[in-house]
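S.K.: I am sharing final.pdb, which consists of PDB, C-alpha atoms:
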```
MODEL        1
ATOM      1  CA  MET A   1    -128.427   0.382 -67.294
ATOM      2  CA  ILE A   2    -126.180  -1.252 -64.710
ATOM      3  CA  THR A   3    -123.530  -3.811 -65.684
ATOM      4  CA  LEU A   4    -122.174  -6.358 -63.202
ATOM      5  CA  GLU A   5    -119.165  -8.604 -63.772
ATOM      6  CA  GLU A   6    -118.737 -11.920 -61.942
ATOM      7  CA  LYS A   7    -116.603 -15.056 -62.212
ATOM      8  CA  ALA A   8    -118.100 -18.529 -61.902
ATOM      9  CA  TYR A   9    -115.656 -21.142 -60.572
ATOM     10  CA  ALA A  10    -115.746 -24.864 -61.358
ATOM     11  CA  LYS A  11    -116.046 -27.410 -58.554
ATOM     12  CA  LEU A  12    -114.177 -30.688 -58.179
ATOM     13  CA  ASN A  13    -115.434 -33.675 -56.182
ATOM     14  CA  LEU A  14    -112.359 -34.972 -54.365
ATOM     15  CA  THR A  15    -114.499 -37.655 -52.734
ATOM     16  CA  LEU A  16    -118.099 -38.568 -53.531
ATOM     17  CA  ASP A  17    -120.294 -41.153 -51.837
ATOM     18  CA  VAL A  18    -123.957 -41.870 -52.489
ATOM     19  CA  GLY A  19    -126.401 -43.218 -49.939
ATOM     20  CA  PRO A  20    -129.937 -44.542 -50.248
ATOM     21  CA  LYS A  21    -132.738 -42.777 -52.056
ATOM     22  CA  ARG A  22    -134.775 -40.464 -49.834
ATOM     23  CA  GLU A  23    -138.539 -40.015 -49.670
ATOM     24  CA  ASP A  24    -138.258 -36.789 -51.689
ATOM     25  CA  GLY A  25    -136.638 -38.676 -54.573
ATOM     26  CA  TYR A  26    -133.108 -37.370 -53.971
ATOM     27  CA  HIS A  27    -130.192 -39.507 -52.790
ATOM     28  CA  GLU A  28    -128.172 -38.782 -49.683
ATOM     29  CA  ILE A  29    -124.664 -37.758 -50.713
ATOM     30  CA  SER A  30    -121.396 -37.090 -48.930
ATOM     31  CA  THR A  31    -118.722 -35.255 -50.876
ATOM     32  CA  VAL A  32    -115.603 -33.193 -50.266
ATOM     33  CA  MET A  33    -115.688 -30.463 -52.908
ATOM     34  CA  GLN A  34    -112.966 -28.041 -53.936
ATOM     35  CA  PRO A  35    -113.431 -24.886 -56.051
ATOM     36  CA  LEU A  36    -110.973 -24.526 -58.920
ATOM     37  CA  THR A  37    -109.359 -21.641 -60.739
ATOM     38  CA  LEU A  38    -111.065 -22.814 -63.953
ATOM     39  CA  CYS A  39    -113.925 -20.368 -64.447
ATOM     40  CA  ASP A  40    -116.560 -18.805 -66.685
ATOM     41  CA  ASP A  41    -116.929 -15.031 -66.977
ATOM     42  CA  LEU A  42    -120.400 -13.515 -66.622
ATOM     43  CA  THR A  43    -121.629 -10.047 -67.602
ATOM     44  CA  ILE A  44    -125.033  -9.183 -66.153
ATOM     45  CA  THR A  45    -126.849  -6.119 -67.475
ATOM     46  CA  LEU A  46    -129.815  -4.756 -65.500
ATOM     47  CA  GLY A  47    -132.426  -2.258 -66.631
ATOM     48  CA  THR A  48    -132.321  -3.215 -70.302
ATOM     49  CA  GLY A  49    -136.052  -2.550 -70.728
ATOM     50  CA  GLU A  50    -136.215  -5.747 -72.772
ATOM     51  CA  PRO A  51    -137.309  -9.360 -72.113
ATOM     52  CA  TRP A  52    -134.908 -11.363 -69.973
ATOM     53  CA  GLN A  53    -132.121 -13.024 -71.931
ATOM     54  CA  VAL A  54    -129.291 -15.484 -71.261
ATOM     55  CA  ARG A  55    -126.746 -16.240 -73.954
ATOM     56  CA  GLY A  56    -123.316 -17.819 -74.199
ATOM     57  CA  ASP A  57    -120.348 -17.598 -76.512
ATOM     58  CA  VAL A  58    -120.766 -21.236 -77.597
ATOM     59  CA  PRO A  59    -123.955 -22.667 -79.156
ATOM     60  CA  GLU A  60    -124.234 -25.476 -76.577
ATOM     61  CA  VAL A  61    -125.063 -23.041 -73.765
ATOM     62  CA  PRO A  62    -128.829 -23.190 -73.018
ATOM     63  CA  THR A  63    -130.519 -19.848 -73.597
ATOM     64  CA  GLY A  64    -133.377 -18.045 -71.918
ATOM     65  CA  ARG A  65    -135.526 -19.922 -69.415
ATOM     66  CA  LYS A  66    -133.620 -23.170 -69.973
ATOM     67  CA  ASN A  67    -130.460 -21.753 -68.385
ATOM     68  CA  LEU A  68    -129.877 -22.002 -64.619
ATOM     69  CA  CYS A  69    -128.808 -18.343 -64.662
ATOM     70  CA  TYR A  70    -132.343 -17.389 -65.673
ATOM     71  CA  LYS A  71    -133.765 -19.552 -62.877
ATOM     72  CA  ALA A  72    -131.336 -17.999 -60.383
ATOM     73  CA  ALA A  73    -132.281 -14.452 -61.355
ATOM     74  CA  LYS A  74    -135.967 -15.371 -61.216
ATOM     75  CA  ALA A  75    -135.576 -16.872 -57.730
ATOM     76  CA  PHE A  76    -133.693 -13.776 -56.552
ATOM     77  CA  TYR A  77    -136.239 -11.233 -57.788
ATOM     78  CA  ASN A  78    -139.182 -13.359 -56.639
ATOM     79  CA  ALA A  79    -137.627 -13.265 -53.171
ATOM     80  CA  THR A  80    -137.067  -9.483 -53.249
ATOM     81  CA  GLY A  81    -140.446  -8.753 -54.806
ATOM     82  CA  THR A  82    -138.797  -6.286 -57.197
ATOM     83  CA  ASP A  83    -138.341  -6.075 -60.968
ATOM     84  CA  PRO A  84    -134.990  -5.205 -62.603
ATOM     85  CA  ASP A  85    -136.779  -3.868 -65.731
ATOM     86  CA  GLY A  86    -135.011  -6.315 -67.978
ATOM     87  CA  ILE A  87    -131.910  -8.443 -67.457
ATOM     88  CA  THR A  88    -129.362  -9.919 -69.849
ATOM     89  CA  VAL A  89    -126.751 -12.480 -68.766
ATOM     90  CA  GLU A  90    -123.831 -13.119 -71.108
ATOM     91  CA  ILE A  91    -121.536 -16.094 -70.408
ATOM     92  CA  VAL A  92    -117.987 -16.588 -71.650
ATOM     93  CA  LYS A  93    -117.781 -20.363 -71.273
ATOM     94  CA  ARG A  94    -114.551 -22.065 -70.183
ATOM     95  CA  ILE A  95    -115.894 -24.778 -67.866
ATOM     96  CA  PRO A  96    -116.780 -27.737 -70.101
ATOM     97  CA  MET A  97    -120.450 -28.629 -70.152
ATOM     98  CA  GLY A  98    -121.869 -31.982 -69.060
ATOM     99  CA  ALA A  99    -118.585 -32.798 -67.379
ATOM    100  CA  GLY A 100    -119.275 -33.089 -63.640
ATOM    101  CA  LEU A 101    -117.558 -29.763 -62.935
ATOM    102  CA  GLY A 102    -120.706 -27.859 -61.973
ATOM    103  CA  GLY A 103    -120.482 -25.228 -64.703
ATOM    104  CA  GLY A 104    -124.203 -24.463 -64.819
ATOM    105  CA  SER A 105    -124.431 -24.349 -61.032
ATOM    106  CA  ALA A 106    -121.365 -22.102 -60.842
ATOM    107  CA  ASP A 107    -122.938 -19.689 -63.353
ATOM    108  CA  ALA A 108    -126.201 -19.626 -61.380
ATOM    109  CA  ALA A 109    -124.290 -18.970 -58.154
ATOM    110  CA  ALA A 110    -122.384 -16.133 -59.834
ATOM    111  CA  VAL A 111    -125.689 -14.496 -60.793
ATOM    112  CA  LEU A 112    -126.985 -14.754 -57.211
ATOM    113  CA  ARG A 113    -123.731 -13.354 -55.770
ATOM    114  CA  ALA A 114    -123.657 -10.427 -58.190
ATOM    115  CA  LEU A 115    -127.321  -9.517 -57.723
ATOM    116  CA  ASN A 116    -127.074  -9.767 -53.947
ATOM    117  CA  ARG A 117    -123.995  -7.532 -53.906
ATOM    118  CA  HIS A 118    -125.770  -5.030 -56.168
ATOM    119  CA  GLU A 119    -128.715  -4.990 -53.742
ATOM    120  CA  GLY A 120    -126.454  -4.184 -50.773
ATOM    121  CA  ASN A 121    -126.192  -7.806 -49.564
ATOM    122  CA  ARG A 122    -129.914  -7.990 -48.992
ATOM    123  CA  PHE A 123    -129.703 -11.703 -48.182
ATOM    124  CA  THR A 124    -127.377 -13.384 -45.713
ATOM    125  CA  GLN A 125    -125.129 -16.176 -46.927
ATOM    126  CA  ALA A 126    -127.516 -18.769 -45.467
ATOM    127  CA  GLU A 127    -130.531 -17.122 -47.126
ATOM    128  CA  LEU A 128    -128.710 -16.951 -50.456
ATOM    129  CA  GLU A 129    -127.776 -20.628 -50.220
ATOM    130  CA  LYS A 130    -131.431 -21.484 -49.567
ATOM    131  CA  LEU A 131    -132.362 -19.605 -52.737
ATOM    132  CA  GLY A 132    -129.573 -21.433 -54.575
ATOM    133  CA  LEU A 133    -130.930 -24.813 -53.519
ATOM    134  CA  GLU A 134    -134.161 -23.960 -55.366
ATOM    135  CA  VAL A 135    -132.077 -23.713 -58.540
ATOM    136  CA  GLY A 136    -129.803 -26.765 -58.167
ATOM    137  CA  SER A 137    -128.141 -29.025 -55.612
ATOM    138  CA  ASP A 138    -124.594 -27.770 -56.321
ATOM    139  CA  VAL A 139    -125.489 -24.068 -56.273
ATOM    140  CA  PRO A 140    -125.114 -23.593 -52.487
ATOM    141  CA  PHE A 141    -121.536 -24.908 -52.618
ATOM    142  CA  CYS A 142    -120.719 -22.743 -55.638
ATOM    143  CA  LEU A 143    -121.957 -19.717 -53.691
ATOM    144  CA  ARG A 144    -119.330 -20.435 -51.022
ATOM    145  CA  ASN A 145    -116.232 -20.882 -53.213
ATOM    146  CA  LYS A 146    -114.513 -22.710 -50.364
ATOM    147  CA  ILE A 147    -113.575 -26.347 -49.809
ATOM    148  CA  ALA A 148    -116.173 -28.171 -47.724
ATOM    149  CA  LEU A 149    -117.742 -31.506 -46.889
ATOM    150  CA  ALA A 150    -121.283 -31.369 -48.283
ATOM    151  CA  GLU A 151    -124.006 -33.764 -47.195
ATOM    152  CA  GLY A 152    -127.739 -34.253 -47.637
ATOM    153  CA  ARG A 153    -128.591 -33.015 -51.137
ATOM    154  CA  GLY A 154    -125.352 -31.066 -50.941
ATOM    155  CA  GLU A 155    -126.734 -28.245 -48.787
ATOM    156  CA  ARG A 156    -125.324 -29.224 -45.353
ATOM    157  CA  PHE A 157    -121.704 -28.136 -44.990
ATOM    158  CA  SER A 158    -118.882 -28.999 -42.614
ATOM    159  CA  GLU A 159    -115.568 -27.195 -42.531
ATOM    160  CA  VAL A 160    -112.562 -28.880 -44.154
ATOM    161  CA  PRO A 161    -108.935 -27.661 -43.881
ATOM    162  CA  ALA A 162    -107.552 -25.864 -46.922
ATOM    163  CA  MET A 163    -105.955 -28.099 -49.530
ATOM    164  CA  PRO A 164    -102.176 -27.826 -49.828
ATOM    165  CA  PRO A 165    -100.897 -26.280 -53.095
ATOM    166  CA  CYS A 166    -101.261 -28.705 -55.975
ATOM    167  CA  TYR A 167    -102.264 -29.027 -59.623
ATOM    168  CA  TYR A 168    -105.145 -30.847 -61.266
ATOM    169  CA  VAL A 169    -105.173 -32.158 -64.809
ATOM    170  CA  LEU A 170    -108.783 -32.534 -65.967
ATOM    171  CA  VAL A 171    -109.432 -34.831 -68.916
ATOM    172  CA  LYS A 172    -112.755 -34.830 -70.776
ATOM    173  CA  PRO A 173    -113.608 -37.869 -72.923
ATOM    174  CA  ASP A 174    -115.817 -37.387 -75.963
ATOM    175  CA  PHE A 175    -119.057 -38.746 -74.522
ATOM    176  CA  GLN A 176    -121.723 -37.620 -72.088
ATOM    177  CA  VAL A 177    -123.469 -39.495 -69.319
ATOM    178  CA  SER A 178    -126.979 -39.567 -67.896
ATOM    179  CA  THR A 179    -126.978 -38.643 -64.228
ATOM    180  CA  ALA A 180    -130.346 -40.370 -63.694
ATOM    181  CA  ASP A 181    -129.025 -43.590 -65.281
ATOM    182  CA  LEU A 182    -125.929 -43.579 -63.091
ATOM    183  CA  TYR A 183    -127.960 -43.147 -59.900
ATOM    184  CA  TRP A 184    -130.207 -46.029 -61.005
ATOM    185  CA  LYS A 185    -127.168 -48.195 -61.678
ATOM    186  CA  LEU A 186    -125.626 -47.380 -58.285
ATOM    187  CA  ASP A 187    -128.891 -48.451 -56.669
ATOM    188  CA  ASN A 188    -128.583 -51.818 -58.402
ATOM    189  CA  ILE A 189    -124.922 -52.793 -58.061
ATOM    190  CA  ARG A 190    -122.635 -53.662 -55.187
ATOM    191  CA  VAL A 191    -120.285 -50.790 -54.476
ATOM    192  CA  PRO A 192    -116.962 -52.386 -53.443
ATOM    193  CA  ALA A 193    -115.505 -49.408 -51.568
ATOM    194  CA  HIS A 194    -116.556 -46.060 -50.163
ATOM    195  CA  PRO A 195    -114.558 -42.878 -49.457
ATOM    196  CA  LYS A 196    -112.847 -42.708 -46.058
ATOM    197  CA  VAL A 197    -113.744 -39.100 -45.369
ATOM    198  CA  GLU A 198    -112.115 -38.763 -41.949
ATOM    199  CA  ARG A 199    -108.838 -40.179 -43.247
ATOM    200  CA  PHE A 200    -109.069 -37.933 -46.300
ATOM    201  CA  CYS A 201    -109.648 -34.773 -44.250
ATOM    202  CA  LYS A 202    -106.807 -35.712 -41.889
ATOM    203  CA  ALA A 203    -104.459 -36.026 -44.870
ATOM    204  CA  ILE A 204    -105.520 -32.536 -45.983
ATOM    205  CA  GLU A 205    -104.889 -31.186 -42.483
ATOM    206  CA  LEU A 206    -101.392 -32.699 -42.538
ATOM    207  CA  GLY A 207    -100.742 -31.373 -46.051
ATOM    208  CA  ASP A 208     -99.909 -34.922 -47.184
ATOM    209  CA  LEU A 209    -100.580 -34.873 -50.922
ATOM    210  CA  ARG A 210     -99.599 -38.520 -51.376
ATOM    211  CA  GLU A 211    -102.113 -39.650 -48.768
ATOM    212  CA  ILE A 212    -104.711 -37.334 -50.302
ATOM    213  CA  GLY A 213    -104.066 -38.921 -53.692
ATOM    214  CA  VAL A 214    -104.441 -42.451 -52.323
ATOM    215  CA  ASN A 215    -107.826 -41.565 -50.806
ATOM    216  CA  LEU A 216    -109.451 -39.889 -53.814
ATOM    217  CA  LEU A 217    -112.627 -41.877 -54.550
ATOM    218  CA  ASN A 218    -115.908 -41.331 -56.386
ATOM    219  CA  VAL A 219    -118.398 -44.212 -56.232
ATOM    220  CA  PHE A 220    -119.908 -43.200 -59.578
ATOM    221  CA  GLU A 221    -116.795 -44.659 -61.206
ATOM    222  CA  TYR A 222    -118.114 -48.136 -60.349
ATOM    223  CA  ALA A 223    -121.282 -47.386 -62.314
ATOM    224  CA  LEU A 224    -119.434 -45.987 -65.330
ATOM    225  CA  LEU A 225    -116.104 -47.747 -65.824
ATOM    226  CA  GLY A 226    -117.571 -51.028 -67.052
ATOM    227  CA  ASP A 227    -119.273 -49.309 -69.985
ATOM    228  CA  HIS A 228    -116.357 -46.982 -70.757
ATOM    229  CA  PRO A 229    -112.994 -48.764 -70.369
ATOM    230  CA  GLU A 230    -111.196 -45.750 -71.860
ATOM    231  CA  LEU A 231    -111.586 -44.099 -68.456
ATOM    232  CA  ASP A 232    -109.190 -46.713 -67.069
ATOM    233  CA  LYS A 233    -106.740 -45.798 -69.814
ATOM    234  CA  ILE A 234    -106.977 -42.117 -68.886
ATOM    235  CA  GLU A 235    -106.279 -42.896 -65.230
ATOM    236  CA  ASN A 236    -103.294 -45.059 -66.186
ATOM    237  CA  ALA A 237    -101.930 -42.310 -68.428
ATOM    238  CA  LEU A 238    -102.231 -39.744 -65.641
ATOM    239  CA  GLU A 239    -100.483 -42.047 -63.164
ATOM    240  CA  ASN A 240     -97.702 -42.778 -65.677
ATOM    241  CA  CYS A 241     -97.134 -39.017 -65.903
ATOM    242  CA  GLY A 242     -96.682 -38.740 -62.127
ATOM    243  CA  ALA A 243    -100.202 -38.230 -60.721
ATOM    244  CA  LEU A 244    -100.369 -38.917 -56.992
ATOM    245  CA  GLY A 245    -103.947 -40.093 -57.412
ATOM    246  CA  THR A 246    -106.797 -40.075 -59.912
ATOM    247  CA  SER A 247    -110.584 -39.997 -59.741
ATOM    248  CA  MET A 248    -113.714 -38.755 -61.482
ATOM    249  CA  THR A 249    -115.642 -35.589 -60.647
ATOM    250  CA  GLY A 250    -119.400 -35.535 -60.184
ATOM    251  CA  THR A 251    -121.178 -38.055 -62.371
ATOM    252  CA  GLY A 252    -118.411 -37.657 -64.913
ATOM    253  CA  PRO A 253    -117.167 -38.204 -67.407
ATOM    254  CA  VAL A 254    -114.236 -35.878 -66.590
ATOM    255  CA  MET A 255    -111.349 -37.711 -64.930
ATOM    256  CA  PHE A 256    -108.638 -35.856 -63.054
ATOM    257  CA  GLY A 257    -105.162 -36.412 -61.752
ATOM    258  CA  LEU A 258    -103.633 -34.781 -58.666
ATOM    259  CA  PHE A 259    -100.071 -33.502 -59.115
ATOM    260  CA  GLU A 260     -97.527 -31.967 -56.788
ATOM    261  CA  ASN A 261     -95.219 -30.838 -59.587
ATOM    262  CA  PHE A 262     -96.295 -28.339 -62.256
ATOM    263  CA  ASP A 263     -93.987 -29.731 -64.919
ATOM    264  CA  PHE A 264     -95.422 -33.237 -64.466
ATOM    265  CA  ALA A 265     -98.956 -31.829 -64.625
ATOM    266  CA  ALA A 266     -98.224 -29.815 -67.776
ATOM    267  CA  THR A 267     -96.633 -32.859 -69.422
ATOM    268  CA  ALA A 268     -99.679 -34.995 -68.567
ATOM    269  CA  SER A 269    -102.053 -32.372 -69.931
ATOM    270  CA  MET A 270    -100.107 -32.076 -73.172
ATOM    271  CA  SER A 271     -99.728 -35.852 -73.595
ATOM    272  CA  LEU A 272    -103.442 -36.507 -73.258
ATOM    273  CA  MET A 273    -104.292 -33.533 -75.467
ATOM    274  CA  GLN A 274    -102.062 -34.961 -78.199
ATOM    275  CA  VAL A 275    -104.058 -38.206 -78.286
ATOM    276  CA  GLY A 276    -107.324 -36.309 -78.764
ATOM    277  CA  TYR A 277    -108.701 -35.481 -75.319
ATOM    278  CA  GLN A 278    -109.831 -32.076 -74.137
ATOM    279  CA  THR A 279    -107.675 -31.218 -71.122
ATOM    280  CA  PHE A 280    -107.567 -28.444 -68.527
ATOM    281  CA  LEU A 281    -104.887 -27.548 -66.000
ATOM    282  CA  ALA A 282    -106.171 -25.927 -62.799
ATOM    283  CA  THR A 283    -105.241 -25.266 -59.187
ATOM    284  CA  ASN A 284    -107.158 -24.757 -55.948
ATOM    285  CA  LEU A 285    -109.087 -21.505 -55.905
ATOM    286  CA  ASP A 286    -107.427 -18.938 -53.645
ATOM    287  CA  LEU A 287    -110.520 -17.358 -52.133
ATOM    288  CA  ASP A 288    -108.632 -14.321 -50.849
ATOM    289  CA  ALA A 289    -107.266 -13.598 -54.294
ATOM    290  CA  ALA A 290    -110.663 -14.133 -55.880
ATOM    291  CA  ALA A 291    -112.765 -12.292 -53.317
ATOM    292  CA  GLU A 292    -112.323  -8.782 -54.692
ATOM    293  CA  PRO A 293    -115.515  -8.174 -56.720
ATOM    294  CA  GLU A 294    -115.516  -6.524 -60.109
ATOM    295  CA  PRO A 295    -116.774  -2.929 -60.049
ATOM    296  CA  GLU A 296    -120.246  -2.057 -61.289
ATOM    297  CA  THR A 297    -120.523   0.215 -64.292
ATOM    298  CA  GLU A 298    -123.472   2.430 -65.178
ATOM    299  CA  LEU A 299    -124.311   3.299 -68.753
TER     300      LEU A 299
ENDMDL
END
```
Render the structure in this file as structure tokens.
M.R.:
Amino acid sequence: MITLEEKAYAKLNLTLDVGPKREDGYHEISTVMQPLTLCDDLTITLGTGEPWQVRGDVPEVPTGRKNLCYKAAKAFYNATGTDPDGITVEIVKRIPMGAGLGGGSADAAAVLRALNRHEGNRFTQAELEKLGLEVGSDVPFCLRNKIALAEGRGERFSEVPAMPPCYYVLVKPDFQVSTADLYWKLDNIRVPAHPKVERFCKAIELGDLREIGVNLLNVFEYALLGDHPELDKIENALENCGALGTSMTGTGPVMFGLFENFDFAATASMSLMQVGYQTFLATNLDLDAAAEPEPETEL
């Protein structure tokens, strides 16, 4: 048996805009996404001689065919035309589920990266991203682990300068949202403002965290805030603790604050944790530091 180890990094939508519905049923999106240091750990065992399995360390993780990791492995081996003679994926879950942080997509991307590396990089990055798109819209970005402007379904990428050093406090309320419902609502309300992507990217290029904070914007907030006023309270609490800007990631419900100072970020995280919220403190993923793959082990 061969054992592969891989990390799966959360994504954060620094900006997110939604356009009209396309003929294929998907909406056009435009989003600047940033990978975070918050991650799951995956152990992938090949050659088990048993039926394929996916399991997590928390009961909420979908198992077997329901998990995107299973779909990713299936897509990979369908493309290679080979059979691993059994595969087991074990997930140590740290990225909160149903939060807009792309945890399932990140796990699926980690499976594709690990399998492709094991197979001697059989697929190019572009080919791997095409496989990832079969699994989920966020998977191609999670395969990259690099800040980018994503458009279309999220598969067309443009380069964005690296974010300056900063801290993010992620706050998860105790409710979940329906992505389909939020898209429907966006289609039926007037969106008062849209992200200014050029201005946002220029602020990143200049390393101006205050200007970056001012230009954080996710249009899904307009579809969600009216039904969940506590999100306003979370944003106010983050700002009162020194956040340079606040927004929501994905379709929520996780809100985040951008901080320049670690002590302010840690204080905000602790303050919101003390009133009952699940909080996470993360930074921008340093791709160079994270690029060294875990060694394979043979049993």
S.K.: Take the PyMOL selection byres ((chain A and resi 202-211) around 10), apply it to the structure above, and return the hits as a PDB file with C-alpha atoms, in the coordinates of the input.
M.R.:
```pdb
ATOM      1  CA  VAL A 160    -112.562 -28.880 -44.154  1.00  0.00           C
ATOM      2  CA  PRO A 161    -108.935 -27.661 -43.881  1.00  0.00           C
ATOM      3  CA  ALA A 162    -107.552 -25.864 -46.922  1.00  0.00           C
ATOM      4  CA  MET A 163    -105.955 -28.099 -49.530  1.00  0.00           C
ATOM      5  CA  PRO A 164    -102.176 -27.826 -49.828  1.00  0.00           C
ATOM      6  CA  PRO A 165    -100.897 -26.280 -53.095  1.00  0.00           C
ATOM      7  CA  CYS A 166    -101.261 -28.705 -55.975  1.00  0.00           C
ATOM      8  CA  VAL A 197    -113.744 -39.100 -45.369  1.00  0.00           C
ATOM      9  CA  GLU A 198    -112.115 -38.763 -41.949  1.00  0.00           C
ATOM     10  CA  ARG A 199    -108.838 -40.179 -43.247  1.00  0.00           C
ATOM     11  CA  PHE A 200    -109.069 -37.933 -46.300  1.00  0.00           C
ATOM     12  CA  CYS A 201    -109.648 -34.773 -44.250  1.00  0.00           C
ATOM     13  CA  ILE A 212    -104.711 -37.334 -50.302  1.00  0.00           C
ATOM     14  CA  GLY A 213    -104.066 -38.921 -53.692  1.00  0.00           C
ATOM     15  CA  VAL A 214    -104.441 -42.451 -52.323  1.00  0.00           C
ATOM     16  CA  ASN A 215    -107.826 -41.565 -50.806  1.00  0.00           C
ATOM     17  CA  LEU A 216    -109.451 -39.889 -53.814  1.00  0.00           C
ATOM     18  CA  ALA A 243    -100.202 -38.230 -60.721  1.00  0.00           C
ATOM     19  CA  LEU A 244    -100.369 -38.917 -56.992  1.00  0.00           C
ATOM     20  CA  GLY A 245    -103.947 -40.093 -57.412  1.00  0.00           C
ATOM     21  CA  LEU A 258    -103.633 -34.781 -58.666  1.00  0.00           C
ATOM     22  CA  PHE A 259    -100.071 -33.502 -59.115  1.00  0.00           C
ATOM     23  CA  GLU A 260     -97.527 -31.967 -56.788  1.00  0.00           C
TER      24      GLU A 260
END
```
S.K.: So the first atom is CA of Phe175 in chain A and the second is CA of Gly152 in chain A; what is the distance between them in Å, to one decimal place?
M.R.: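 Interatomic distance, CA of Phe175 in chain A to CA of Gly152 in chain A: 28.6 Å.
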S.K.: I'd like the residues picked by the PyMOL selection byres ((chain A and resi 46) around 8) written out as JSON, numbers by chain, using the chain letters and numbers from the file.
M.R.: {"A": [1, 2, 3, 44, 45, 47, 48, 84, 85, 86, 87, 88]}
S.K.: Just to confirm, what's the straight-line distance from CA of Leu115 in chain A to CA of Val89 in chain A in Å (one decimal)?
M.R.: 11.4 Å
S.K.: Report as a PyMOL selection string the residues that result from applying the PyMOL selection byres ((chain A and resi 64-73) around 7) to the structure here.
M.R.: chain A and resi 53-54+62-63+74-77+104-105+107-108+111-112+132+135
S.K.: How many Å lie between CA of Ala8 in chain A and CA of Ala110 in chain A, rounded to one decimal?
M.R.: 5.3 Å
S.K.: Near Ile95 in chain A, within 7 Å and counting all atoms listed in the file, which residues show up once chain neighbours fewer than 3 positions away are dropped, as a list in words?
M.R.: Ala10, Leu38, Cys39, Asp40 and Gly103 of chain A
S.K.: Quick one: residues within 9 Å of Glu151 in chain A, all atoms listed in the file counted, chain neighbours fewer than 3 positions away excluded, as a count of residues only?
M.R.: 10
S.K.: Using all atoms listed in the file, pick whichever of A:Cys241, A:Val61, A:Cys142, A:Val171 has the shortest atom-to-atom distance to Leu36 in chain A.
M.R.: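 Among A:Cys241, A:Val61, A:Cys142, A:Val171, it is A:Cys142 that comes nearest to Leu36 in chain A.
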S.K.: Find, counting only C-alpha atoms, the residue in A:Ala126, A:Lys93, A:Asn116, A:Ala79 that gets nearest to Asp57 in chain A.
M.R.: A:Lys93
S.K.: Using all atoms listed in the file, pick whichever of A:Arg153, A:Asp181, A:Lys196, A:Tyr9 has the shortest atom-to-atom distance to Ala282 in chain A.
M.R.: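 Comparing A:Arg153, A:Asp181, A:Lys196, A:Tyr9 against Ala282 in chain A, the winner is A:Tyr9.
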S.K.: Please list as a PyMOL selection string every residue within 8 Å of Ala114 in chain A, counting only C-alpha atoms and excluding residues in the same chain fewer than 3 positions away.
M.R.: chain A and resi 4-6+110-111+117-118
S.K.: Keeping C-alpha atoms for every residue in the selection just given, could you write it to a file as an mmCIF file, in the coordinates of the input?
M.R.:
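Below you can see selection.cif, which holds the result:
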```
data_model
loop_
_atom_site.group_PDB
_atom_site.id
_atom_site.type_symbol
_atom_site.label_atom_id
_atom_site.label_comp_id
_atom_site.auth_asym_id
_atom_site.auth_seq_id
_atom_site.Cartn_x
_atom_site.Cartn_y
_atom_site.Cartn_z
ATOM 1 C CA LEU A 4 -122.174 -6.358 -63.202
ATOM 2 C CA GLU A 5 -119.165 -8.604 -63.772
ATOM 3 C CA GLU A 6 -118.737 -11.920 -61.942
ATOM 4 C CA ALA A 110 -122.384 -16.133 -59.834
ATOM 5 C CA VAL A 111 -125.689 -14.496 -60.793
ATOM 6 C CA ARG A 117 -123.995 -7.532 -53.906
ATOM 7 C CA HIS A 118 -125.770 -5.030 -56.168
#
```
S.K.: Between A:Ala106, A:Leu217, A:Ala265, A:Ile91, single out the one closest to Thr43 in chain A, counting all atoms listed in the file.
M.R.: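 Counting all atoms listed in the file, the residue closest to Thr43 in chain A is A:Ile91.
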